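Comments concern the structure below.
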Amino acid sequence: RTYQVELELQNEELRQSQIDLKRSQERFVSFFNLSPIGFVVLDKNGFILDANYKFLEFLNKKHQDLINRPFSKFIYPDDQRILFSRLNAFLKNPANKTIEVRLNTQDGKVVFTRIEGRFIEIDADASGSNTKQILLNVSDITERKTVEAKLKERVKELNCLYNASHLIETKKSVSEVLQGIVALIPESWQYPEVTVCQIRFDGKTYTSTMNCDFNCEDCQNNSLKQPIVIMGEASGEIQVCYTEERPASDEGPFLQEERNLIKALADRLGRYIE
């Protein structure tokens, strides 16, 4: 009789343990899938074993599109070099390491992310040993990166205005000032590598680069123009061109702050030449 009671107690404890384990697993699955942070599980080679809803939302993809695919496939092409340069060390020991990269989303939307990771152990495999996998925490830092980029652009614009004022205050000739300012402008734009500037005044044209075959006067879609007004009349013009297509922004591919900058420079030149 005593043995029967002990057996029933053991069975009850076993059933309760199974219930508790099931509840724990359900809580984990719920936390994993519904977390506001993206979660991705990788194998030791960097292939995706699982991903939660938030990470799928980042990419605008379905779960089956990710499983058994290399994680690197979903990184923005320009950032894959960053990932590959650190991936091996990260996979060997992800503790206390972070990687900041953009995701290659389905709809082309730019998502900046901060990736952290740690090892997790899953149930024993066929050989009877536990298998280590890597759990990635993928946080959306797009807002922070956007603010940082805007601050960087504002610093470039302020430097341009300061250096232009310095040129004017050194009492150089008008030609020297115009050539100096036309050289300053490209580095102050969002895409300096494809930016060309021309200032046309008094029958002369001043260009930011002597190696450009691009005719700014023929450019309509990818340029900003601002007249230089002297004594109430337009006596010259500043024009900033892109030699390649760039994404649409506030005014064509240009920022509103860039329009404000070119206007401020034209106003400053107009007052100086008067």
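Ordering of the structure tokens sets the chain letters (A, B, ...), residue numbers begin anew at 1 in every chain, and ligands are numbered from 1 in the order given.
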
Long-range neighbours of stretch 39-43 of chain A as a PyMOL selection string, 7 Å cut-off, only C-alpha atoms, 2 positions minimum in chain
chain A and resi 32+37+45-52+55+133-138

Write out as an NGL selection string each polymer residue whose atoms come within 12 Å of A:Gln190, counting only C-alpha atoms; drop sequence neighbours fewer than 6 positions from it.
:A and (149-157 or 240-242 or 246-247 or 249 or 253-259)

Next, the residues of the selection above should be written as an mmCIF file, in the first residue's frame with N, CA, C and O atoms.
data_model
loop_
_atom_site.group_PDB
_atom_site.id
_atom_site.type_symbol
_atom_site.label_atom_id
_atom_site.label_comp_id
_atom_site.auth_asym_id
_atom_site.auth_seq_id
_atom_site.Cartn_x
_atom_site.Cartn_y
_atom_site.Cartn_z
ATOM 1 N N ALA A 149 23.162 61.360 -38.602
ATOM 2 C CA ALA A 149 23.452 61.793 -39.974
ATOM 3 C C ALA A 149 23.067 63.257 -40.176
ATOM 4 O O ALA A 149 23.791 64.021 -40.822
ATOM 5 N N LYS A 150 21.929 63.646 -39.607
ATOM 6 C CA LYS A 150 21.493 65.040 -39.734
ATOM 7 C C LYS A 150 22.457 65.982 -39.025
ATOM 8 O O LYS A 150 22.778 67.063 -39.546
ATOM 9 N N LEU A 151 22.910 65.582 -37.845
ATOM 10 C CA LEU A 151 23.874 66.416 -37.122
ATOM 11 C C LEU A 151 25.176 66.557 -37.911
ATOM 12 O O LEU A 151 25.767 67.638 -37.971
ATOM 13 N N LYS A 152 25.604 65.460 -38.530
ATOM 14 C CA LYS A 152 26.830 65.496 -39.340
ATOM 15 C C LYS A 152 26.674 66.448 -40.510
ATOM 16 O O LYS A 152 27.597 67.223 -40.828
ATOM 17 N N GLU A 153 25.488 66.422 -41.156
ATOM 18 C CA GLU A 153 25.243 67.331 -42.279
ATOM 19 C C GLU A 153 25.238 68.783 -41.821
ATOM 20 O O GLU A 153 25.773 69.671 -42.494
ATOM 21 N N ARG A 154 24.645 69.039 -40.653
ATOM 22 C CA ARG A 154 24.603 70.421 -40.155
ATOM 23 C C ARG A 154 26.007 70.930 -39.841
ATOM 24 O O ARG A 154 26.311 72.106 -40.084
ATOM 25 N N VAL A 155 26.863 70.070 -39.317
ATOM 26 C CA VAL A 155 28.237 70.471 -39.029
ATOM 27 C C VAL A 155 28.955 70.839 -40.323
ATOM 28 O O VAL A 155 29.679 71.835 -40.396
ATOM 29 N N LYS A 156 28.758 70.047 -41.383
ATOM 30 C CA LYS A 156 29.384 70.346 -42.676
ATOM 31 C C LYS A 156 28.908 71.688 -43.211
ATOM 32 O O LYS A 156 29.698 72.480 -43.749
ATOM 33 N N GLU A 157 27.607 71.951 -43.067
ATOM 34 C CA GLU A 157 27.053 73.215 -43.556
ATOM 35 C C GLU A 157 27.621 74.405 -42.787
ATOM 36 O O GLU A 157 27.966 75.436 -43.382
ATOM 37 N N VAL A 240 24.439 73.831 -58.054
ATOM 38 C CA VAL A 240 25.016 72.591 -57.528
ATOM 39 C C VAL A 240 24.353 71.425 -58.246
ATOM 40 O O VAL A 240 23.119 71.334 -58.295
ATOM 41 N N CYS A 241 25.165 70.540 -58.815
ATOM 42 C CA CYS A 241 24.655 69.416 -59.608
ATOM 43 C C CYS A 241 25.117 68.081 -59.010
ATOM 44 O O CYS A 241 26.181 68.004 -58.394
ATOM 45 N N TYR A 242 24.319 67.056 -59.239
ATOM 46 C CA TYR A 242 24.746 65.679 -58.995
ATOM 47 C C TYR A 242 25.038 65.031 -60.339
ATOM 48 O O TYR A 242 24.225 65.128 -61.265
ATOM 49 N N ARG A 246 20.394 60.204 -57.405
ATOM 50 C CA ARG A 246 20.362 59.956 -55.968
ATOM 51 C C ARG A 246 18.909 59.904 -55.512
ATOM 52 O O ARG A 246 18.023 60.435 -56.191
ATOM 53 N N PRO A 247 18.632 59.258 -54.361
ATOM 54 C CA PRO A 247 17.238 59.107 -53.909
ATOM 55 C C PRO A 247 16.542 60.452 -53.725
ATOM 56 O O PRO A 247 17.164 61.461 -53.395
ATOM 57 N N SER A 249 14.472 63.448 -52.153
ATOM 58 C CA SER A 249 14.467 64.030 -50.814
ATOM 59 C C SER A 249 13.496 65.204 -50.799
ATOM 60 O O SER A 249 12.424 65.118 -51.385
ATOM 61 N N PRO A 253 16.650 65.395 -55.311
ATOM 62 C CA PRO A 253 17.505 64.608 -54.416
ATOM 63 C C PRO A 253 18.150 65.442 -53.300
ATOM 64 O O PRO A 253 18.942 64.920 -52.532
ATOM 65 N N PHE A 254 17.786 66.727 -53.212
ATOM 66 C CA PHE A 254 18.466 67.633 -52.285
ATOM 67 C C PHE A 254 17.653 67.852 -51.006
ATOM 68 O O PHE A 254 16.423 67.836 -51.017
ATOM 69 N N LEU A 255 18.388 68.104 -49.921
ATOM 70 C CA LEU A 255 17.779 68.403 -48.629
ATOM 71 C C LEU A 255 17.335 69.859 -48.573
ATOM 72 O O LEU A 255 17.917 70.735 -49.228
ATOM 73 N N GLN A 256 16.311 70.129 -47.750
ATOM 74 C CA GLN A 256 15.892 71.520 -47.543
ATOM 75 C C GLN A 256 17.033 72.341 -46.962
ATOM 76 O O GLN A 256 17.221 73.513 -47.317
ATOM 77 N N GLU A 257 17.843 71.714 -46.101
ATOM 78 C CA GLU A 257 18.973 72.425 -45.506
ATOM 79 C C GLU A 257 20.014 72.819 -46.560
ATOM 80 O O GLU A 257 20.702 73.832 -46.419
ATOM 81 N N GLU A 258 20.114 72.033 -47.622
ATOM 82 C CA GLU A 258 21.038 72.376 -48.705
ATOM 83 C C GLU A 258 20.529 73.573 -49.501
ATOM 84 O O GLU A 258 21.313 74.425 -49.926
ATOM 85 N N ARG A 259 19.220 73.633 -49.675
ATOM 86 C CA ARG A 259 18.641 74.823 -50.294
ATOM 87 C C ARG A 259 18.915 76.055 -49.423
ATOM 88 O O ARG A 259 19.291 77.124 -49.930
#

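In terms of minimum interatomic distance to A:Phe71, A:Ile115 ranks closest within A:Ile115, A:Leu261, A:Leu34, A:Val177, counting only C-alpha atoms.
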
What parts of stretch 45-200 of chain A does DSSP call strand (DSSP E)? I'd like the answer as a PyMOL selection string.
chain A and resi 48-51+98-104+110-122+131-140+195-200

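For the residues A:Lys62, A:Thr131, A:Lys171, A:Ile141, ranking by smallest atom-to-atom distance to A:Val101 using only C-alpha atoms places A:Ile141 first.
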
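Using only C-alpha atoms, the nearest neighbour of A:Phe90 within the list A:Thr207, A:Tyr272, A:Gly117, A:Pro227 is A:Gly117.
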